[in-house]
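Undergrad: Below is the file final19.cif, which contains mmCIF, C-alpha atoms and all ligand atoms.
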```
data_query
loop_
_atom_site.label_atom_id
_atom_site.label_comp_id
_atom_site.auth_asym_id
_atom_site.auth_seq_id
_atom_site.Cartn_x
_atom_site.Cartn_y
_atom_site.Cartn_z
CA GLN X 1 36.91 73.45 -82.46
CA LYS X 2 39.19 75.18 -80.02
CA SER X 3 38.90 78.66 -81.49
CA ASN X 4 35.21 78.76 -80.66
CA THR X 5 35.80 78.27 -76.97
CA LYS X 6 36.73 81.95 -76.78
CA ILE X 7 33.30 83.10 -77.92
CA SER X 8 31.37 84.48 -74.97
CA MET X 9 28.33 82.66 -73.64
CA ALA X 10 26.26 85.76 -74.36
CA VAL X 11 27.05 85.38 -78.07
CA ILE X 12 26.48 81.61 -77.96
CA ARG X 13 23.03 82.18 -76.47
CA ARG X 14 22.14 84.45 -79.40
CA LEU X 15 23.27 81.96 -82.06
CA PRO X 16 20.16 79.75 -82.04
CA LYS X 17 18.10 82.87 -82.69
CA TYR X 18 20.29 83.92 -85.63
CA ARG X 19 20.02 80.42 -86.99
CA ARG X 20 16.22 80.40 -86.70
CA TYR X 21 15.86 83.66 -88.61
CA LEU X 22 18.37 82.56 -91.24
CA GLU X 23 16.36 79.38 -91.73
CA GLU X 24 13.25 81.47 -92.36
CA LEU X 25 15.15 83.55 -94.93
CA LEU X 26 16.33 80.38 -96.66
CA ASP X 27 12.75 79.07 -96.74
CA LYS X 28 11.74 82.29 -98.46
CA GLY X 29 14.54 81.89 -100.99
CA ILE X 30 16.51 84.89 -99.73
CA ASN X 31 20.22 84.23 -100.25
CA ARG X 32 21.91 87.33 -99.00
CA ILE X 33 21.14 89.93 -96.39
CA SER X 34 22.80 93.01 -94.91
CA SER X 35 23.30 93.49 -91.20
CA ARG X 36 20.78 96.36 -91.39
CA GLU X 37 18.07 94.16 -92.88
CA LEU X 38 18.88 91.38 -90.43
CA SER X 39 18.64 93.93 -87.64
CA LYS X 40 15.09 94.84 -88.71
CA ILE X 41 13.86 91.26 -88.49
CA ILE X 42 15.83 90.03 -85.46
CA GLY X 43 15.66 93.17 -83.37
CA PHE X 44 19.35 93.32 -82.42
CA THR X 45 21.21 96.43 -83.61
CA ALA X 46 23.17 96.16 -86.86
CA SER X 47 26.41 96.79 -85.02
CA GLN X 48 25.61 94.05 -82.51
CA ILE X 49 24.99 91.66 -85.40
CA ARG X 50 28.26 92.60 -87.12
CA GLN X 51 30.13 92.22 -83.86
CA ASP X 52 28.54 88.83 -83.11
CA LEU X 53 29.08 87.40 -86.56
CA ASN X 54 32.64 88.74 -86.80
CA ASN X 55 33.51 86.10 -84.23
CA PHE X 56 33.32 83.48 -86.94
CA GLY X 57 35.42 85.08 -89.62
CA GLY X 58 34.73 86.60 -92.99
CA PHE X 59 31.05 86.07 -93.57
CA GLY X 60 29.93 89.60 -94.17
CA GLN X 61 31.34 91.55 -97.06
CA GLN X 62 31.15 95.30 -97.39
CA GLY X 63 28.43 96.12 -99.90
CA TYR X 64 27.30 92.51 -100.20
CA GLY X 65 26.03 91.52 -96.80
CA TYR X 66 25.88 87.99 -95.54
CA ASN X 67 25.51 84.79 -97.53
CA VAL X 68 22.49 83.33 -95.77
CA ALA X 69 23.13 79.65 -96.53
CA ALA X 70 26.81 79.79 -95.59
CA LEU X 71 26.10 81.64 -92.36
CA TYR X 72 23.27 79.26 -91.47
CA GLU X 73 25.53 76.28 -91.98
CA GLU X 74 28.44 77.79 -90.06
CA ILE X 75 26.27 78.68 -87.08
CA GLY X 76 24.87 75.14 -87.09
CA LYS X 77 28.42 73.77 -87.03
CA ILE X 78 29.46 76.07 -84.21
CA LEU X 79 26.43 74.90 -82.26
CA GLY X 80 27.40 71.28 -82.91
CA LEU X 81 24.21 70.62 -84.83
CA ASP X 82 26.21 68.74 -87.43
CA ASN X 83 26.49 65.99 -84.79
CA VAL X 84 24.01 63.32 -83.78
CA TYR X 85 23.36 62.83 -80.05
CA ASN X 86 21.86 59.82 -78.33
CA THR X 87 19.53 60.91 -75.54
CA ILE X 88 17.45 59.37 -72.78
CA ILE X 89 14.56 60.95 -70.92
CA ILE X 90 14.34 60.27 -67.18
CA GLY X 91 10.85 60.78 -65.79
CA ALA X 92 8.13 59.67 -68.19
CA GLY X 93 5.33 61.86 -66.80
CA ASN X 94 3.62 64.79 -68.49
CA LEU X 95 6.74 66.67 -69.47
CA GLY X 96 8.88 63.63 -70.33
CA GLN X 97 6.14 62.34 -72.62
CA ALA X 98 5.68 65.74 -74.24
CA ILE X 99 9.39 65.90 -75.04
CA ALA X 100 9.35 62.33 -76.34
CA ASN X 101 6.41 63.19 -78.58
CA TYR X 102 8.10 66.27 -80.01
CA THR X 103 9.75 64.99 -83.19
CA ASN X 104 11.63 68.17 -84.09
CA PHE X 105 14.43 67.49 -81.59
CA GLU X 106 14.97 64.19 -83.32
CA LYS X 107 15.05 65.90 -86.71
CA ALA X 108 17.75 68.21 -85.32
CA GLY X 109 19.88 65.18 -84.40
CA PHE X 110 18.87 64.52 -80.79
CA ILE X 111 17.76 60.90 -80.92
CA PRO X 112 15.57 59.72 -78.01
CA LYS X 113 16.73 56.15 -77.39
CA ALA X 114 14.75 55.31 -74.25
CA MET X 115 12.79 56.71 -71.32
CA PHE X 116 13.08 55.73 -67.66
CA ASP X 117 10.66 55.87 -64.75
CA ILE X 118 10.13 54.34 -61.30
CA ASN X 119 6.36 54.01 -61.70
CA PRO X 120 5.56 50.35 -62.51
CA ARG X 121 2.42 51.43 -64.37
CA LEU X 122 4.54 53.31 -66.89
CA ILE X 123 7.39 50.81 -67.28
CA GLY X 124 6.96 48.79 -70.48
CA LEU X 125 4.77 51.38 -72.23
CA LYS X 126 5.93 53.16 -75.34
CA ILE X 127 5.75 56.79 -76.40
CA ARG X 128 5.87 56.66 -80.20
CA ASP X 129 8.45 53.88 -80.47
CA ILE X 130 10.40 54.92 -77.39
CA GLU X 131 10.19 52.39 -74.59
CA ILE X 132 9.78 53.39 -70.94
CA MET X 133 12.21 51.29 -68.90
CA ASP X 134 12.83 50.70 -65.22
CA ALA X 135 14.94 53.50 -63.71
CA ASP X 136 17.07 50.83 -62.00
CA ASN X 137 18.61 50.13 -65.39
CA ILE X 138 19.72 53.66 -66.28
CA GLU X 139 23.43 53.22 -65.61
CA GLU X 140 23.74 49.98 -67.50
CA TYR X 141 21.73 51.36 -70.41
CA ILE X 142 23.85 54.49 -70.75
CA LYS X 143 27.07 52.51 -70.84
CA GLU X 144 25.80 49.97 -73.34
CA ASN X 145 24.09 52.39 -75.70
CA ASN X 146 26.53 55.23 -75.96
CA ILE X 147 24.18 57.84 -74.53
CA ASP X 148 25.39 61.45 -74.73
CA ILE X 149 22.61 63.44 -73.08
CA GLY X 150 20.27 62.76 -70.16
CA ILE X 151 17.07 64.79 -70.05
CA ILE X 152 15.80 65.08 -66.47
CA CYS X 153 12.01 65.31 -66.21
CA THR X 154 11.48 63.88 -62.73
CA ASP X 155 10.07 65.77 -59.77
CA LYS X 156 12.67 67.99 -58.14
CA GLU X 157 13.11 65.76 -55.08
CA HIS X 158 14.59 63.02 -57.27
CA ALA X 159 16.51 65.13 -59.74
CA GLN X 160 19.88 65.11 -57.94
CA ASP X 161 19.75 61.31 -57.46
CA VAL X 162 19.06 60.93 -61.15
CA ALA X 163 21.86 63.36 -62.02
CA ASP X 164 24.28 61.35 -59.82
CA LYS X 165 23.41 58.18 -61.72
CA LEU X 166 23.97 59.93 -65.04
CA ILE X 167 27.31 61.31 -63.87
CA LYS X 168 28.46 57.89 -62.63
CA SER X 169 27.68 56.43 -66.06
CA ASN X 170 29.82 59.06 -67.81
CA ILE X 171 27.04 60.95 -69.52
CA LYS X 172 28.34 64.02 -71.37
CA GLY X 173 25.50 66.45 -70.91
CA ILE X 174 22.39 67.00 -68.82
CA TRP X 175 19.33 68.92 -69.94
CA ASN X 176 17.55 69.59 -66.67
CA PHE X 177 13.89 70.55 -66.44
CA ALA X 178 13.47 69.92 -62.71
CA PRO X 179 13.21 73.21 -60.80
CA THR X 180 16.32 72.66 -58.71
CA ASP X 181 20.02 73.51 -58.87
CA LEU X 182 21.95 70.36 -59.61
CA ASN X 183 25.47 69.70 -58.40
CA VAL X 184 27.53 68.35 -61.26
CA PRO X 185 31.29 68.12 -61.78
CA GLU X 186 32.89 70.51 -64.24
CA HIS X 187 33.36 68.00 -67.02
CA ILE X 188 29.60 67.41 -67.26
CA MET X 189 27.82 70.02 -69.36
CA LEU X 190 24.60 71.20 -67.74
CA GLU X 191 21.83 73.30 -69.20
CA ASN X 192 18.70 74.14 -67.22
CA VAL X 193 15.34 75.01 -68.69
CA HIS X 194 12.83 76.85 -66.55
CA LEU X 195 9.71 77.81 -68.44
CA SER X 196 8.44 79.57 -65.34
CA GLU X 197 11.27 82.13 -65.56
CA SER X 198 10.11 83.11 -69.01
CA LEU X 199 6.47 83.14 -67.91
CA TYR X 200 7.21 85.36 -64.93
CA THR X 201 9.14 87.72 -67.20
CA LEU X 202 6.00 87.96 -69.31
CA SER X 203 4.07 88.72 -66.15
CA PHE X 204 6.50 91.56 -65.40
CA LEU X 205 6.11 92.94 -68.92
CA LEU X 206 2.33 92.85 -68.58
CA LYS X 207 2.41 94.52 -65.20
CA HIS X 208 4.69 97.34 -66.34
CA ASN X 209 3.44 97.41 -69.91
CA ARG X 210 7.03 97.43 -71.08
CA GLU X 211 8.52 96.30 -74.34
CA GLN X 212 11.41 93.87 -74.31
CA GLU X 213 14.91 95.14 -74.98
CA ASP X 214 17.53 93.30 -77.02
CA VAL X 215 19.11 90.38 -75.26
P1 LIG X 301 4.97 64.12 -63.52
O1 LIG X 301 4.67 63.85 -62.10
O2 LIG X 301 3.89 63.96 -64.54
O3 LIG X 301 6.21 63.21 -63.99
C1 LIG X 301 7.32 62.97 -63.22
C2 LIG X 301 7.71 61.53 -63.47
O4 LIG X 301 9.00 61.29 -62.90
C3 LIG X 301 6.75 60.53 -62.82
O5 LIG X 301 6.29 59.63 -63.82
C4 LIG X 301 7.60 59.84 -61.77
O6 LIG X 301 7.25 58.49 -61.58
C5 LIG X 301 8.99 59.97 -62.38
N1 LIG X 301 10.09 59.82 -61.44
C6 LIG X 301 10.17 60.28 -60.16
N2 LIG X 301 11.34 59.93 -59.61
C7 LIG X 301 12.04 59.26 -60.57
C8 LIG X 301 13.32 58.66 -60.60
N3 LIG X 301 14.14 58.68 -59.54
N4 LIG X 301 13.71 58.06 -61.75
C9 LIG X 301 12.89 58.04 -62.82
N5 LIG X 301 11.67 58.58 -62.84
C10 LIG X 301 11.24 59.19 -61.71
O7 LIG X 301 5.54 65.59 -63.56
P2 LIG X 301 5.70 66.56 -64.83
O8 LIG X 301 4.53 67.46 -64.90
O9 LIG X 301 6.05 65.75 -66.01
O10 LIG X 301 6.95 67.41 -64.39
C11 LIG X 301 8.23 66.78 -64.30
C12 LIG X 301 9.28 67.74 -63.77
O11 LIG X 301 9.46 68.81 -64.68
C13 LIG X 301 8.89 68.40 -62.46
O12 LIG X 301 10.07 68.55 -61.68
C14 LIG X 301 8.36 69.75 -62.87
O13 LIG X 301 8.49 70.71 -61.85
C15 LIG X 301 9.25 70.04 -64.02
N6 LIG X 301 8.73 70.98 -65.02
C16 LIG X 301 9.60 71.88 -65.46
C17 LIG X 301 9.27 72.76 -66.45
C18 LIG X 301 10.33 73.68 -66.90
O14 LIG X 301 10.10 74.59 -67.63
N7 LIG X 301 11.55 73.48 -66.48
C19 LIG X 301 7.94 72.78 -67.04
C20 LIG X 301 7.09 71.75 -66.53
C21 LIG X 301 7.48 70.87 -65.54
#
```
Since I need it in another form, could you write the structure as structure tokens?
TA:
Amino acid sequence: QKSNTKISMAVIRRLPKYRRYLEELLDKGINRISSRELSKIIGFTASQIRQDLNNFGGFGQQGYGYNVAALYEEIGKILGLDNVYNTIIIGAGNLGQAIANYTNFEKAGFIPKAMFDINPRLIGLKIRDIEIMDADNIEEYIKENNIDIGIICTDKEHAQDVADKLIKSNIKGIWNFAPTDLNVPEHIMLENVHLSESLYTLSFLLKHNREQEDV
């Protein structure tokens, strides 16, 4: 949807959080909520919430609040969670296996089709029903199986090589866990995850005994 490309990345990064809280409200059977009530549970200010959600058109109504189910669904659509994505995991070590074992990504539409590694002791094994294949076959596999997302879980020394293979095979997106900055062309969507950044932020908060502000 073109109109959504104007939404700032700062807002986009808050959307998964809105969606998570809305899901909890739905689970509790709560069908409508004001920006003030939402503010109390999420921690953003009510005006921030109104401003964020105004980006998507008339969800809030004066004196009524937000329709929880409709907002939940709309945010899911904006995030593309109404799609199904084929994924592969490259690097079948501790982290790769943990991700493969985590079934909630699959429930959200991110289907793990295969894993790849260079270690002959891992090749041929399965994590749940996901086979670990020889990393030499990545490019062929991506092309033949319509893979959308490559999840990089190799050591950082190999991450760029792996990324280059993914790019050559026309992958659409890369979810990178290796602690390195990857070079990718503009048409490839890249998202990095660094748990250590979050952990070190916690360390800062402990050291300075400071509460977190809204993000
Ligand atoms: P690991 O050593 O258990 O697994 C790495 C696997 O990648 C090994 O099985 C290795 O054979 C494989 N591999 C290496 N080169 C490859 C290649 N070219 N193609 C395919 N497979 C290849 O390491 P672990 O603990 O699973 O960590 C994996 C990566 O994730 C590391 O870079 C680590 O720093 C990073 N990491 C990142 C976190 C984050 O929050 N971003 C959290 C934990 C780990």
Undergrad: Please identify all protein, DNA and RNA residues within 6 Å of ligand LIG 301 (chain X), counting all atoms listed in the file, and report them as a VMD selection string.
TA: chain X and resid 90 to 96 116 to 119 135 153 to 156 158 162 177 to 179 193 to 196
Undergrad: Under the rule that all atoms listed in the file are counted, which of X:Gly150, X:Pro16, X:Gly63, X:Gly43 is the nearest residue to Tyr85 of chain X?
TA: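 Going through X:Gly150, X:Pro16, X:Gly63, X:Gly43 one by one, the smallest distance to Tyr85 of chain X is for X:Gly150.
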Undergrad: Find the residue from X:Ile75, X:Leu15, X:Ala69, X:Ile30 that sits nearest to Ile42 of chain X; use all atoms listed in the file when measuring.
TA: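 Using all atoms listed in the file, the shortest distance to Ile42 of chain X belongs to X:Leu15.
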Undergrad: Given only C-alpha atoms as the basis, pick out the residue of X:Asn55, X:Ser169, X:Asn67, X:Asn176 nearest to Leu38 of chain X.
TA: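 Closest residue, counting only C-alpha atoms: X:Asn67.
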Undergrad: Taking (28.5, 62.0, -64.3) in the file's coordinates, which residues come within 12 Å, counting all atoms listed in the file, written as a VMD selection string?
TA: chain X and resid 139 142 to 143 147 to 150 160 to 174 182 to 190
Undergrad: Pick out the closest residue to Lys77 of chain X from this set: X:Tyr200, X:Trp175, X:Phe105, X:Phe56. Count all atoms listed in the file.
TA: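 Result for the nearest residue to Lys77 of chain X: X:Phe56.
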Undergrad: What gap, in Å, lies between atom CA of Ser35 of chain X and atom CA of Gly65 of chain X?
TA: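 One can read the atom CA of Ser35 of chain X to atom CA of Gly65 of chain X distance as 6.5 Å.
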Undergrad: Mind listing whatever residues come within 12 Å of the point (5.2, 52.6, -73.4)? Use only C-alpha atoms, file coordinates, and give them as a list of chain:residue names.
TA: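 Residues with an atom at most 12 Å from (5.2, 52.6, -73.4): X:Ala92, X:Gly93, X:Gln97, X:Ala100, X:Asn101, X:Ala114, X:Met115, X:Phe116, X:Asp117, X:Asn119, X:Pro120, X:Arg121, X:Leu122, X:Ile123, X:Gly124, X:Leu125, X:Lys126, X:Ile127, X:Arg128, X:Asp129, X:Ile130, X:Glu131, X:Ile132, X:Met133, X:Asp134.
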Undergrad: What would the file look like if the residues just selected were written as a PDB file, in the coordinates of the input with C-alpha atoms?
TA:
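What follows is the written file part04.pdb:
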```
ATOM      1  CA  ALA X  92       8.130  59.670 -68.190  1.00  0.00           C
ATOM      2  CA  GLY X  93       5.330  61.860 -66.800  1.00  0.00           C
ATOM      3  CA  GLN X  97       6.140  62.340 -72.620  1.00  0.00           C
ATOM      4  CA  ALA X 100       9.350  62.330 -76.340  1.00  0.00           C
ATOM      5  CA  ASN X 101       6.410  63.190 -78.580  1.00  0.00           C
ATOM      6  CA  ALA X 114      14.750  55.310 -74.250  1.00  0.00           C
ATOM      7  CA  MET X 115      12.790  56.710 -71.320  1.00  0.00           C
ATOM      8  CA  PHE X 116      13.080  55.730 -67.660  1.00  0.00           C
ATOM      9  CA  ASP X 117      10.660  55.870 -64.750  1.00  0.00           C
ATOM     10  CA  ASN X 119       6.360  54.010 -61.700  1.00  0.00           C
ATOM     11  CA  PRO X 120       5.560  50.350 -62.510  1.00  0.00           C
ATOM     12  CA  ARG X 121       2.420  51.430 -64.370  1.00  0.00           C
ATOM     13  CA  LEU X 122       4.540  53.310 -66.890  1.00  0.00           C
ATOM     14  CA  ILE X 123       7.390  50.810 -67.280  1.00  0.00           C
ATOM     15  CA  GLY X 124       6.960  48.790 -70.480  1.00  0.00           C
ATOM     16  CA  LEU X 125       4.770  51.380 -72.230  1.00  0.00           C
ATOM     17  CA  LYS X 126       5.930  53.160 -75.340  1.00  0.00           C
ATOM     18  CA  ILE X 127       5.750  56.790 -76.400  1.00  0.00           C
ATOM     19  CA  ARG X 128       5.870  56.660 -80.200  1.00  0.00           C
ATOM     20  CA  ASP X 129       8.450  53.880 -80.470  1.00  0.00           C
ATOM     21  CA  ILE X 130      10.400  54.920 -77.390  1.00  0.00           C
ATOM     22  CA  GLU X 131      10.190  52.390 -74.590  1.00  0.00           C
ATOM     23  CA  ILE X 132       9.780  53.390 -70.940  1.00  0.00           C
ATOM     24  CA  MET X 133      12.210  51.290 -68.900  1.00  0.00           C
ATOM     25  CA  ASP X 134      12.830  50.700 -65.220  1.00  0.00           C
TER      26      ASP X 134
END
```
Undergrad: Would you mind reading off the distance between atom CA of Arg210 of chain X and atom CA of Phe44 of chain X, one decimal, in Å?
TA: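 Spanning atom CA of Arg210 of chain X to atom CA of Phe44 of chain X is a straight-line distance of 17.2 Å.
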Undergrad: What does the structure give for the distance between atom CA of Val84 of chain X and atom CA of Ala108 of chain X, in Å to one decimal?
TA: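 Interatomic distance here is 8.1 Å.
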Undergrad: Which one of X:Leu202, X:Thr180, X:Tyr18, X:Asn54 sits closest to Ser39 of chain X if you count only C-alpha atoms?
TA: X:Tyr18
